[in-house]
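Asks: Okay, so here is query_14.txt, and as you'll see once you scroll down, it has compact mmCIF, C-alpha atoms and all ligand atoms.
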```txt
# COMPACT_ATOMS: atom_id res chain seq x y z
CA MET A 1 -10.44 5.96 -27.34
CA ASN A 2 -12.03 9.38 -27.18
CA PHE A 3 -11.36 11.52 -24.09
CA THR A 4 -12.99 14.81 -25.25
CA ARG A 5 -15.27 15.30 -22.24
CA SER A 6 -12.67 14.19 -19.70
CA ARG A 7 -10.20 16.68 -21.19
CA SER A 8 -12.64 19.54 -21.02
CA LEU A 9 -13.65 18.69 -17.43
CA TYR A 10 -9.98 18.55 -16.49
CA ASP A 11 -9.43 22.04 -17.95
CA GLU A 12 -12.30 23.25 -15.80
CA ALA A 13 -11.20 21.30 -12.69
CA VAL A 14 -7.69 22.79 -12.62
CA GLN A 15 -9.20 26.26 -12.28
CA TYR A 16 -10.94 25.37 -9.02
CA ILE A 17 -9.07 22.39 -7.51
CA PRO A 18 -5.25 22.21 -7.07
CA GLY A 19 -4.02 20.12 -9.99
CA GLY A 20 -7.64 19.29 -10.77
CA VAL A 21 -7.64 16.43 -8.24
CA ASN A 22 -8.57 15.97 -4.58
CA SER A 23 -5.62 13.64 -3.98
CA PRO A 24 -2.30 13.87 -5.85
CA VAL A 25 -2.19 10.14 -6.67
CA ARG A 26 -5.17 10.61 -9.02
CA SER A 27 -3.14 12.91 -11.22
CA CYS A 28 -1.75 11.20 -14.31
CA LYS A 29 1.33 13.44 -14.54
CA ALA A 30 3.77 10.61 -13.85
CA VAL A 31 2.35 8.55 -16.72
CA GLY A 32 2.32 11.46 -19.14
CA THR A 33 -1.41 11.97 -19.52
CA LYS A 34 -4.44 13.58 -17.87
CA PRO A 35 -7.05 12.01 -15.59
CA ILE A 36 -10.28 10.50 -16.88
CA PHE A 37 -13.50 11.57 -15.14
CA VAL A 38 -15.67 8.70 -13.98
CA THR A 39 -19.47 8.66 -13.85
CA SER A 40 -20.20 5.21 -12.43
CA GLY A 41 -18.93 1.77 -11.55
CA LYS A 42 -20.46 -1.68 -11.31
CA GLY A 43 -18.56 -4.85 -10.43
CA CYS A 44 -15.03 -4.55 -11.79
CA HIS A 45 -16.02 -2.01 -14.45
CA ILE A 46 -16.00 1.77 -14.44
CA THR A 47 -17.45 4.11 -17.07
CA ASP A 48 -16.08 7.56 -17.85
CA VAL A 49 -17.85 10.75 -19.01
CA ASP A 50 -17.03 9.93 -22.66
CA GLY A 51 -18.81 6.57 -22.34
CA ASN A 52 -15.58 4.53 -22.31
CA SER A 53 -15.61 1.44 -20.12
CA TYR A 54 -12.60 0.03 -18.25
CA ILE A 55 -11.73 -2.99 -16.15
CA ASP A 56 -10.62 -1.29 -12.94
CA TYR A 57 -7.58 -2.41 -10.93
CA VAL A 58 -7.44 0.69 -8.71
CA CYS A 59 -10.73 -0.11 -6.96
CA SER A 60 -10.67 3.24 -5.15
CA TRP A 61 -7.07 2.43 -4.09
CA GLY A 62 -8.06 -0.73 -2.24
CA PRO A 63 -11.36 -0.36 -0.41
CA LEU A 64 -13.55 -2.01 -3.07
CA ILE A 65 -12.61 -5.65 -2.50
CA LEU A 66 -16.10 -6.70 -3.64
CA GLY A 67 -15.96 -4.43 -6.69
CA HIS A 68 -18.01 -1.30 -7.35
CA ALA A 69 -21.49 -0.88 -5.88
CA PRO A 70 -21.76 -4.39 -4.40
CA GLU A 71 -25.32 -5.30 -3.47
CA PRO A 72 -24.83 -5.88 0.31
CA VAL A 73 -23.14 -2.50 0.75
CA ILE A 74 -25.66 -0.55 -1.34
CA LYS A 75 -28.53 -2.25 0.48
CA ALA A 76 -27.08 -1.42 3.89
CA LEU A 77 -26.61 2.23 2.90
CA LYS A 78 -30.19 2.44 1.58
CA ASN A 79 -31.57 0.95 4.78
CA THR A 80 -29.60 3.30 7.02
CA LEU A 81 -29.97 6.56 5.09
CA PRO A 82 -33.59 7.44 5.93
CA GLY A 83 -32.76 7.25 9.66
CA GLY A 84 -30.22 10.07 9.43
CA THR A 85 -26.54 10.36 8.62
CA SER A 86 -24.85 11.29 11.91
CA PHE A 87 -25.71 12.03 15.53
CA GLY A 88 -22.55 12.55 17.55
CA ILE A 89 -24.31 10.37 20.13
CA PRO A 90 -23.60 6.62 20.47
CA THR A 91 -25.51 4.31 18.11
CA PRO A 92 -25.86 0.51 18.39
CA ILE A 93 -24.14 -0.21 15.07
CA GLU A 94 -20.85 1.11 16.50
CA ILE A 95 -20.79 -1.84 18.91
CA GLU A 96 -21.54 -4.26 16.09
CA MET A 97 -18.68 -2.81 14.07
CA ALA A 98 -16.24 -2.96 16.99
CA LYS A 99 -17.20 -6.59 17.73
CA LYS A 100 -16.74 -7.53 14.09
CA ILE A 101 -13.24 -6.00 14.00
CA VAL A 102 -12.26 -7.71 17.25
CA GLU A 103 -13.55 -11.01 15.86
CA MET A 104 -11.63 -10.67 12.58
CA VAL A 105 -8.30 -9.04 13.54
CA PRO A 106 -6.29 -11.31 15.90
CA SER A 107 -4.44 -8.68 17.98
CA ILE A 108 -7.32 -6.24 18.50
CA GLU A 109 -9.32 -6.38 21.74
CA LYS A 110 -10.57 -2.80 21.71
CA VAL A 111 -10.91 -0.41 18.80
CA ARG A 112 -11.57 3.29 18.12
CA MET A 113 -13.19 4.37 14.83
CA VAL A 114 -11.89 7.37 12.86
CA ASN A 115 -12.52 8.74 9.36
CA SER A 116 -9.41 7.91 7.33
CA GLY A 117 -6.22 5.89 7.31
CA THR A 118 -4.20 9.05 7.92
CA GLU A 119 -6.19 9.74 11.06
CA ALA A 120 -5.83 6.15 12.27
CA VAL A 121 -2.04 6.21 11.96
CA MET A 122 -1.64 9.71 13.39
CA SER A 123 -3.67 8.64 16.42
CA ALA A 124 -1.78 5.36 16.82
CA ILE A 125 1.53 7.25 16.91
CA ARG A 126 0.18 9.59 19.59
CA LEU A 127 -1.03 6.59 21.58
CA ALA A 128 2.36 4.86 21.33
CA ARG A 129 4.11 8.02 22.50
CA GLY A 130 1.63 8.63 25.28
CA TYR A 131 1.76 5.02 26.44
CA THR A 132 5.57 4.76 26.50
CA GLY A 133 6.38 8.35 27.45
CA ARG A 134 9.00 8.31 24.65
CA SER A 135 9.26 10.56 21.56
CA LYS A 136 11.23 8.84 18.82
CA ILE A 137 9.48 6.86 16.11
CA VAL A 138 10.97 4.52 13.54
CA LYS A 139 9.50 4.06 10.06
CA PHE A 140 10.85 2.60 6.82
CA ASP A 141 11.82 4.15 3.49
CA GLY A 142 9.03 3.86 0.93
CA CYS A 143 6.31 3.07 3.46
CA TYR A 144 3.40 5.49 3.36
CA HIS A 145 1.38 6.12 6.49
CA GLY A 146 -0.91 8.95 5.41
CA HIS A 147 -0.04 12.62 5.13
CA SER A 148 0.35 13.65 8.80
CA ASP A 149 3.45 15.75 9.53
CA CYS A 150 5.74 13.42 11.41
CA LEU A 151 5.31 10.59 8.90
CA LEU A 152 6.10 12.50 5.70
CA VAL A 153 9.70 11.33 5.71
CA GLU A 154 10.93 9.11 2.85
CA ALA A 155 7.25 8.30 2.32
CA GLY A 156 5.93 6.17 -0.52
CA SER A 157 2.82 6.58 -2.68
CA GLY A 158 2.32 10.04 -4.25
CA VAL A 159 5.42 11.41 -2.53
CA ALA A 160 7.51 8.73 -4.27
CA THR A 161 5.67 9.18 -7.57
CA LEU A 162 6.38 12.91 -7.60
CA ALA A 163 9.90 12.29 -6.22
CA ILE A 164 9.61 14.79 -3.36
CA PRO A 165 11.72 13.85 -0.29
CA GLY A 166 9.49 15.38 2.37
CA SER A 167 7.13 18.29 2.10
CA PRO A 168 7.35 22.06 2.53
CA GLY A 169 5.11 23.02 5.42
CA VAL A 170 6.49 20.26 7.64
CA PRO A 171 8.92 22.06 9.98
CA GLU A 172 12.14 20.19 10.74
CA ASN A 173 11.15 20.35 14.36
CA LEU A 174 8.21 18.03 13.73
CA VAL A 175 10.25 15.34 12.00
CA LYS A 176 13.35 15.46 14.20
CA ASP A 177 12.09 12.45 16.16
CA THR A 178 11.25 10.44 13.04
CA ILE A 179 13.91 7.96 11.94
CA SER A 180 13.49 6.26 8.56
CA LEU A 181 15.42 3.05 7.87
CA PRO A 182 15.57 0.77 4.82
CA TYR A 183 12.71 -1.76 4.60
CA ASN A 184 13.51 -5.47 4.99
CA ASN A 185 16.83 -4.72 6.71
CA LEU A 186 16.69 -6.11 10.23
CA ASP A 187 20.32 -5.26 11.03
CA ALA A 188 19.63 -1.55 10.56
CA VAL A 189 16.91 -1.78 13.22
CA LYS A 190 19.04 -3.93 15.55
CA ASN A 191 21.89 -1.43 15.40
CA LEU A 192 19.61 1.50 16.08
CA ALA A 193 17.97 -0.31 19.00
CA LYS A 194 21.42 -1.04 20.44
CA ASP A 195 22.16 2.70 20.47
CA ILE A 196 18.86 4.29 21.45
CA GLY A 197 16.36 1.45 22.03
CA SER A 198 15.09 2.96 25.27
CA GLU A 199 14.18 6.25 23.53
CA ILE A 200 12.03 4.70 20.81
CA ALA A 201 8.26 4.89 21.32
CA CYS A 202 7.28 2.79 18.33
CA ILE A 203 8.30 1.03 15.18
CA ILE A 204 5.67 1.44 12.47
CA LEU A 205 5.54 -0.37 9.15
CA GLU A 206 3.34 -1.70 6.40
CA PRO A 207 3.66 -5.44 7.12
CA VAL A 208 3.37 -5.89 3.35
CA ALA A 209 4.53 -2.63 1.79
CA GLY A 210 2.06 -1.43 -0.82
CA ASN A 211 3.04 2.17 -1.42
CA MET A 212 6.39 1.67 -3.20
CA GLY A 213 4.72 -0.85 -5.41
CA VAL A 214 4.15 -4.10 -3.51
CA VAL A 215 7.06 -5.41 -1.43
CA PRO A 216 6.44 -8.40 0.86
CA PRO A 217 8.34 -8.77 4.14
CA GLY A 218 11.40 -11.02 3.90
CA GLU A 219 11.69 -14.31 5.79
CA GLY A 220 11.86 -13.59 9.53
CA TYR A 221 11.61 -9.81 9.14
CA LEU A 222 8.33 -9.30 11.01
CA GLU A 223 9.35 -11.80 13.71
CA GLY A 224 12.66 -9.97 14.10
CA LEU A 225 10.94 -6.61 14.54
CA ARG A 226 8.57 -8.15 17.09
CA LYS A 227 11.54 -9.39 19.11
CA ILE A 228 13.40 -6.06 19.00
CA CYS A 229 10.25 -4.33 20.24
CA ASP A 230 9.76 -6.85 23.06
CA ASP A 231 13.41 -6.56 24.14
CA ASN A 232 13.31 -2.75 24.24
CA GLY A 233 9.81 -1.91 25.44
CA ILE A 234 8.96 -0.49 22.00
CA VAL A 235 5.38 -0.48 20.67
CA LEU A 236 5.07 -2.34 17.36
CA ILE A 237 2.52 -0.76 15.01
CA PHE A 238 1.30 -2.53 11.90
CA ASP A 239 -0.19 -0.05 9.47
CA GLU A 240 -2.70 -2.44 7.92
CA VAL A 241 -4.69 0.32 6.21
CA MET A 242 -4.04 -1.44 2.90
CA THR A 243 -3.43 -5.05 4.01
CA GLY A 244 -6.25 -5.28 6.58
CA PHE A 245 -9.08 -7.56 5.36
CA ARG A 246 -7.13 -7.64 2.05
CA VAL A 247 -4.27 -10.15 2.25
CA SER A 248 -6.35 -12.39 4.50
CA ARG A 249 -9.47 -12.10 6.64
CA GLY A 250 -7.37 -10.95 9.61
CA GLY A 251 -4.82 -8.99 7.57
CA ALA A 252 -1.05 -9.48 7.35
CA GLN A 253 -0.81 -10.31 11.07
CA GLU A 254 -2.98 -13.37 10.54
CA LEU A 255 -1.19 -14.34 7.33
CA TYR A 256 2.32 -14.20 8.87
CA GLY A 257 1.37 -15.03 12.46
CA VAL A 258 3.14 -11.99 13.93
CA TYR A 259 1.06 -9.75 16.16
CA PRO A 260 1.56 -6.00 16.64
CA ASP A 261 0.66 -3.96 19.72
CA ILE A 262 -1.41 -1.50 17.69
CA THR A 263 -3.07 -2.08 14.32
CA CYS A 264 -4.18 0.73 11.98
CA LEU A 265 -7.04 0.02 9.60
CA GLY A 266 -8.66 1.88 6.71
CA LYS A 267 -9.67 1.29 3.09
CA VAL A 268 -11.55 -2.08 3.03
CA ILE A 269 -12.97 -1.42 6.51
CA GLY A 270 -15.27 1.31 5.15
CA GLY A 271 -16.74 -0.41 2.09
CA GLY A 272 -15.98 2.75 0.09
CA MET A 273 -17.04 5.22 2.80
CA PRO A 274 -14.46 7.36 4.67
CA VAL A 275 -13.52 5.10 7.59
CA GLY A 276 -10.40 4.25 9.55
CA ALA A 277 -9.75 2.59 12.90
CA TYR A 278 -6.96 1.80 15.32
CA GLY A 279 -6.97 -0.89 17.94
CA GLY A 280 -4.92 -3.13 20.18
CA SER A 281 -4.93 -4.87 23.53
CA LYS A 282 -7.34 -3.69 26.24
CA GLU A 283 -4.32 -2.58 28.21
CA ILE A 284 -2.86 -0.28 25.55
CA MET A 285 -6.26 1.04 24.35
CA SER A 286 -7.17 1.98 27.92
CA SER A 287 -4.79 4.94 27.51
CA VAL A 288 -7.16 6.51 24.96
CA ALA A 289 -9.51 9.27 26.21
CA PRO A 290 -11.92 9.23 27.95
CA GLU A 291 -10.69 5.96 29.52
CA GLY A 292 -7.15 7.31 29.64
CA ASN A 293 -5.60 10.67 28.90
CA VAL A 294 -4.25 10.32 25.34
CA TYR A 295 -6.66 12.64 23.55
CA GLN A 296 -8.23 11.81 20.19
CA ALA A 297 -11.69 12.75 18.93
CA GLY A 298 -13.91 12.96 15.83
CA THR A 299 -17.24 14.68 15.07
CA LEU A 300 -18.27 12.18 12.40
CA SER A 301 -16.39 9.13 13.72
CA GLY A 302 -18.51 5.97 13.79
CA ASN A 303 -21.41 7.61 11.95
CA PRO A 304 -24.16 5.14 11.03
CA LEU A 305 -23.86 5.52 7.27
CA ALA A 306 -20.14 4.71 7.21
CA MET A 307 -20.57 1.94 9.80
CA SER A 308 -23.35 0.21 7.88
CA ALA A 309 -21.38 0.20 4.62
CA GLY A 310 -18.23 -1.06 6.32
CA LEU A 311 -20.00 -3.67 8.40
CA ALA A 312 -21.91 -5.02 5.38
CA GLN A 313 -18.62 -5.48 3.51
CA LEU A 314 -16.86 -7.09 6.50
CA GLU A 315 -19.76 -9.52 6.93
CA VAL A 316 -19.25 -10.78 3.38
CA LEU A 317 -15.50 -11.05 4.05
CA SER A 318 -16.06 -13.17 7.16
CA ASP A 319 -16.30 -16.15 4.82
CA PRO A 320 -12.71 -17.45 4.34
CA ALA A 321 -13.67 -18.88 0.92
CA ILE A 322 -13.53 -15.32 -0.41
CA TYR A 323 -9.77 -15.19 0.16
CA LYS A 324 -9.22 -18.48 -1.63
CA GLU A 325 -11.13 -17.08 -4.60
CA LEU A 326 -9.14 -13.81 -4.54
CA GLU A 327 -5.84 -15.71 -4.38
CA GLU A 328 -6.76 -17.93 -7.33
CA LYS A 329 -7.89 -15.02 -9.48
CA SER A 330 -4.84 -12.93 -8.63
CA ALA A 331 -2.41 -15.80 -9.25
CA TYR A 332 -4.08 -16.44 -12.62
CA LEU A 333 -3.73 -12.78 -13.59
CA GLU A 334 -0.12 -12.58 -12.46
CA LYS A 335 0.90 -15.71 -14.32
CA GLY A 336 -0.83 -14.52 -17.51
CA ILE A 337 0.93 -11.17 -17.37
CA MET A 338 4.35 -12.69 -16.61
CA ASP A 339 3.98 -15.14 -19.52
CA ALA A 340 2.96 -12.32 -21.88
CA ALA A 341 5.96 -10.22 -20.81
CA ARG A 342 8.34 -13.12 -21.29
CA LYS A 343 7.01 -13.74 -24.81
CA SER A 344 7.69 -10.11 -25.70
CA GLY A 345 11.12 -10.14 -24.06
CA VAL A 346 10.11 -7.44 -21.57
CA ASP A 347 11.97 -7.58 -18.25
CA ILE A 348 9.52 -7.40 -15.37
CA HIS A 349 9.51 -8.58 -11.78
CA ALA A 350 6.16 -9.12 -10.15
CA ASN A 351 5.46 -9.03 -6.41
CA ARG A 352 2.14 -10.09 -4.97
CA VAL A 353 0.50 -11.06 -1.71
CA GLY A 354 -3.05 -12.29 -2.23
CA SER A 355 -5.07 -9.78 -4.20
CA MET A 356 -2.57 -6.90 -4.01
CA GLY A 357 0.25 -6.95 -6.49
CA CYS A 358 2.63 -4.95 -8.60
CA VAL A 359 4.44 -5.38 -11.90
CA PHE A 360 7.84 -3.67 -11.73
CA PHE A 361 9.59 -2.77 -14.97
CA ASN A 362 12.81 -3.82 -13.36
CA ASN A 363 15.42 -6.44 -14.26
CA ARG A 364 16.04 -7.30 -10.58
CA PRO A 365 13.78 -8.48 -7.76
CA VAL A 366 12.34 -5.61 -5.71
CA THR A 367 12.81 -5.94 -1.94
CA ASP A 368 12.96 -2.33 -0.72
CA PHE A 369 12.57 1.30 -1.79
CA GLU A 370 16.09 1.45 -3.27
CA SER A 371 15.42 -1.43 -5.62
CA ALA A 372 11.87 -0.22 -6.38
CA LYS A 373 13.27 3.15 -7.46
CA LYS A 374 15.49 1.43 -10.04
CA SER A 375 12.34 0.50 -12.01
CA ASP A 376 11.89 2.00 -15.47
CA THR A 377 9.09 4.50 -14.82
CA GLY A 378 9.14 5.58 -18.47
CA LYS A 379 8.26 2.04 -19.54
CA TYR A 380 5.54 1.89 -16.91
CA ALA A 381 4.09 5.15 -18.26
CA SER A 382 3.90 3.73 -21.80
CA PHE A 383 2.38 0.53 -20.45
CA PHE A 384 -0.22 2.50 -18.47
CA ARG A 385 -1.26 4.49 -21.55
CA SER A 386 -1.51 1.40 -23.76
CA MET A 387 -3.59 -0.39 -21.14
CA LEU A 388 -5.89 2.62 -20.82
CA GLU A 389 -6.47 2.56 -24.60
CA GLU A 390 -7.21 -1.16 -24.22
CA GLY A 391 -9.87 -0.43 -21.60
CA VAL A 392 -7.87 -1.44 -18.52
CA TYR A 393 -7.46 1.11 -15.73
CA LEU A 394 -4.22 0.70 -13.73
CA ALA A 395 -2.79 2.95 -11.03
CA PRO A 396 -1.13 5.94 -12.75
CA SER A 397 2.20 5.23 -11.03
CA GLN A 398 4.83 2.49 -10.95
CA PHE A 399 4.89 2.83 -7.16
CA GLU A 400 1.32 1.71 -6.49
CA ALA A 401 -0.43 -1.64 -6.22
CA TYR A 402 -3.07 -3.22 -8.41
CA PHE A 403 -6.08 -4.69 -6.62
CA VAL A 404 -8.18 -7.67 -7.67
CA SER A 405 -11.76 -7.83 -6.38
CA THR A 406 -14.23 -10.69 -6.17
CA ALA A 407 -16.06 -8.97 -9.05
CA HIS A 408 -13.17 -9.59 -11.48
CA GLU A 409 -14.26 -12.62 -13.46
CA GLU A 410 -12.17 -14.96 -15.56
CA LYS A 411 -13.23 -13.23 -18.76
CA ASP A 412 -12.09 -9.87 -17.34
CA LEU A 413 -8.75 -11.35 -16.33
CA ASP A 414 -8.33 -12.92 -19.79
CA LYS A 415 -9.10 -9.58 -21.45
CA THR A 416 -6.54 -7.92 -19.20
CA ILE A 417 -3.86 -10.50 -20.05
CA GLU A 418 -4.55 -10.14 -23.81
CA ALA A 419 -4.37 -6.35 -23.47
CA ALA A 420 -1.09 -6.62 -21.56
CA ALA A 421 0.37 -8.89 -24.27
CA ARG A 422 -0.35 -6.18 -26.88
CA ALA A 423 0.91 -3.42 -24.59
CA PHE A 424 4.21 -5.27 -23.95
CA LYS A 425 4.72 -5.68 -27.72
CA MET A 426 4.45 -1.91 -28.15
CA LEU A 427 7.20 -1.13 -25.61
C1 LIG B 501 -3.87 4.60 2.10
C2 LIG B 501 -2.95 4.42 3.21
C3 LIG B 501 -2.92 5.32 4.30
C4 LIG B 501 -3.72 6.59 4.32
O1 LIG B 501 -5.09 6.38 4.32
P1 LIG B 501 -6.08 7.57 3.89
O2 LIG B 501 -7.44 6.99 4.09
O3 LIG B 501 -5.75 7.88 2.47
O4 LIG B 501 -5.80 8.71 4.78
C5 LIG B 501 -2.11 5.02 5.38
N1 LIG B 501 -1.36 3.91 5.39
C6 LIG B 501 -1.36 3.02 4.37
C7 LIG B 501 -0.54 1.79 4.46
C8 LIG B 501 -2.14 3.27 3.24
O5 LIG B 501 -2.10 2.40 2.22
```
Starting from the file, lay out its structure as structure tokens.
Ligand SMILES: *Cc1c(COP(=O)(O)O)cnc(C)c1O

Replies:
Amino acid sequence: MNFTRSRSLYDEAVQYIPGGVNSPVRSCKAVGTKPIFVTSGKGCHITDVDGNSYIDYVCSWGPLILGHAPEPVIKALKNTLPGGTSFGIPTPIEIEMAKKIVEMVPSIEKVRMVNSGTEAVMSAIRLARGYTGRSKIVKFDGCYHGHSDCLLVEAGSGVATLAIPGSPGVPENLVKDTISLPYNNLDAVKNLAKDIGSEIACIILEPVAGNMGVVPPGEGYLEGLRKICDDNGIVLIFDEVMTGFRVSRGGAQELYGVYPDITCLGKVIGGGMPVGAYGGSKEIMSSVAPEGNVYQAGTLSGNPLAMSAGLAQLEVLSDPAIYKELEEKSAYLEKGIMDAARKSGVDIHANRVGSMGCVFFNNRPVTDFESAKKSDTGKYASFFRSMLEEGVYLAPSQFEAYFVSTAHEEKDLDKTIEAAARAFKML
């Protein structure tokens, strides 16, 4: 494959943009190459500036569950655009969006729109602290909750990929109330709650972790956290920015039947536009300004362009048959890849919940950040580069998920499996 134009654009980009990218996870440092520059996408395919075409499993890091440029979303954007992009005054579509979210996500009765997942989580933490009058927050190693200060502790995603523990620019003072515990270890949480349960404002987690690769919750883990929170007056926050509308229509809470006090949403909710949201019971959301006094605001929040794209996508997803289709496609892909690896004698362990999954180059099952970190990132890098040459675009990091969309057809999945078989042979 020829990357001449991408290489020359990258050389130009690094002169004006830090690292040449507007988010570190787009960098291909960890897989020993440089980013491609994309011109367009349609369905499950993307095309780069050199005219190369790829089957895409990044899907904008999750939002594009219907693939690139799906008709309902493009149509909604076209219809809305001539009427203006933003008012900062209420518009009717904001009510439609809120009603749709309340209808789809079991534990949400009231919801506030924001512009990113980071913003949703940051606001949810403030709400939990304001509501309980407590300061301490508990998160889990390898979970990523956006880049706000108090959550950049043992975070996953790009922080894990680049192996940085926290971040310069986050004063110790701002993380002194953040406690990070191992994921999938209920005893660690029980012991902490025994000591300081009455000081903890919230426990926040990805109910299916997707930012250390994909790690599902163990049997009884979510139920156990729910109980600890109930026993200690702690707010349980599910960060469903990745899992919301992804692992099922109503997210991980619907799939596992465990309901948080606050849910954070992002990614799929915006249909590819910058959107996030946080919501919960009427009682807890009544603390948010102007109803209550926990302040949170946004100039562009709920703007009609973003709302129409998101709503159009959620309307398609209201049909539960979509999730059956996604599960079947994803299971087919996973099985094909596992079989190919076995035939080549490559040791991999795959984790998957619905249409989000991960192939770990690891000879043991991955259940937390410790075990995820034991994966062979060098092997993943080689695999990534081979797959790129084969016309398959994967996340440029072992610690990220792949996403299957409704636009991935059987022939695309077959091509991917054949490509993987060749890539495994080259390891
Ligand atoms: C992506 C992600 C975020 C951050 O969302 P942004 O829109 O990138 O700010 C937060 N939490 C989880 C679980 C995510 O996957």

Asks: Which residues are near ligand LIG 501 (chain B) in this structure, taking near to mean any atom at most 8 Å from a ligand atom and counting all atoms listed in the file? Format them as a PyMOL selection string.

Replies: chain A and resi 61+115-121+143-147+205-206+209-211+239-243+264+266-267+274-276

Asks: Tell me which of A:Met104, A:Lys324, A:Cys44, A:Arg129 sits closest to Lys411 (chain A), counting all atoms listed in the file.

Replies: A:Cys44

Asks: Within 9 Å of Asn2 (chain A), counting only C-alpha atoms, which residues qualify if same-chain residues fewer than 4 places away don't, as a list in words?

Replies: Ser6, Asp50, Gly51 and Asn52 of chain A

Asks: Please produce a file of those selected residues containing C-alpha atoms, as a PDB file, in the coordinates of the input.

Replies:
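Wrote again_5.pdb, looks like this:
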```pdb
ATOM      1  CA  SER A   6     -12.670  14.190 -19.700  1.00  0.00           C
ATOM      2  CA  ASP A  50     -17.030   9.930 -22.660  1.00  0.00           C
ATOM      3  CA  GLY A  51     -18.810   6.570 -22.340  1.00  0.00           C
ATOM      4  CA  ASN A  52     -15.580   4.530 -22.310  1.00  0.00           C
TER       5      ASN A  52
END
```

Asks: Within 9 Å of Pro24 (chain A), counting only C-alpha atoms, which residues qualify if same-chain residues fewer than 4 places away don't, as a VMD selection string?

Replies: chain A and resid 18 to 19 28 158 to 159 162

Asks: Have a look at CA of Ile137 (chain A) and CA of Arg26 (chain A) and let me know their distance in Å, one decimal.

Replies: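 CA of Arg26 (chain A) lies 29.3 Å from CA of Ile137 (chain A).
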
Asks: Which residue, A:Phe3, A:Phe245, A:Tyr54, A:Tyr16, has the smallest gap to Lys100 (chain A) when you use only C-alpha atoms?

Replies: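 The answer is A:Phe245, which sits nearest to Lys100 (chain A).
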
Asks: In Å to one decimal, how far is CA of Leu225 (chain A) from CA of Val114 (chain A)?

Replies: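 About the pair CA of Val114 (chain A) and CA of Leu225 (chain A): they are 26.8 Å apart.
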
Asks: Give me, as a PyMOL selection string, all polymer residues having an atom no more than 12 Å from Pro92 (chain A), counting all atoms listed in the file and skipping those fewer than 5 positions away in the same chain.

Replies: chain A and resi 87+97-99+302-304+307-308

Asks: Counting only C-alpha atoms, which of A:Gly83, A:Leu427, A:Ser248, A:Thr39 gets nearest to Ala321 (chain A)?

Replies: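 Smallest separation from Ala321 (chain A) among the options: A:Ser248.
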
Asks: May I ask which of the residues A:Ser330, A:Gln296, A:Asn351, A:Ser86 is the closest one to Glu409 (chain A), counting only C-alpha atoms?

Replies: A:Ser330

Asks: Specify the axis-aligned box that encloses all atoms of region 212-220 of chain A listed in the file after padding of 5 Å on each side, stating its centre and edge lengths in Å to one decimal as AutoDock Vina command-line options.

Replies:
```
--center_x 8.0 --center_y -6.3 --center_z 2.1 --size_x 17.7 --size_y 26.0 --size_z 24.9
```

Asks: So which one's closest to Ser167 (chain A), A:Leu151, A:Leu333, A:Met387, A:Ala201? Using all atoms listed in the file, please.

Replies: A:Leu151

Asks: Identify, on the basis of only C-alpha atoms, every residue whose closest approach to Phe37 (chain A) does not exceed 9 Å; exclude the query and any residue fewer than 3 positions from it along the same chain; express the result as number ranges by chain.

Replies: A: 5-7, 9-10, 47-50

Asks: Between CA of Ser375 (chain A) and CA of Met426 (chain A), what distance in Å does the model show, to one decimal?

Replies: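 Taking CA of Ser375 (chain A) as the start and CA of Met426 (chain A) as the end point, the length is 18.1 Å.
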
Asks: Identify, on the basis of only C-alpha atoms, every residue whose closest approach to region 172-188 of chain A does not exceed 9 Å; exclude the query and any residue fewer than 2 positions from it along the same chain; express the result as a PyMOL selection string.

Replies: chain A and resi 135-143+149-154+170+190-193+205+209+216-218+220-222+224-225+367-370

Asks: Kindly extract all protein, DNA and RNA residues lying within 9 Å of the coordinates (4.1, 6.3, -18.3) given in the file, considering all atoms listed in the file, and supply them as a VMD selection string.

Replies: chain A and resid 28 to 33 377 to 385 396 to 398
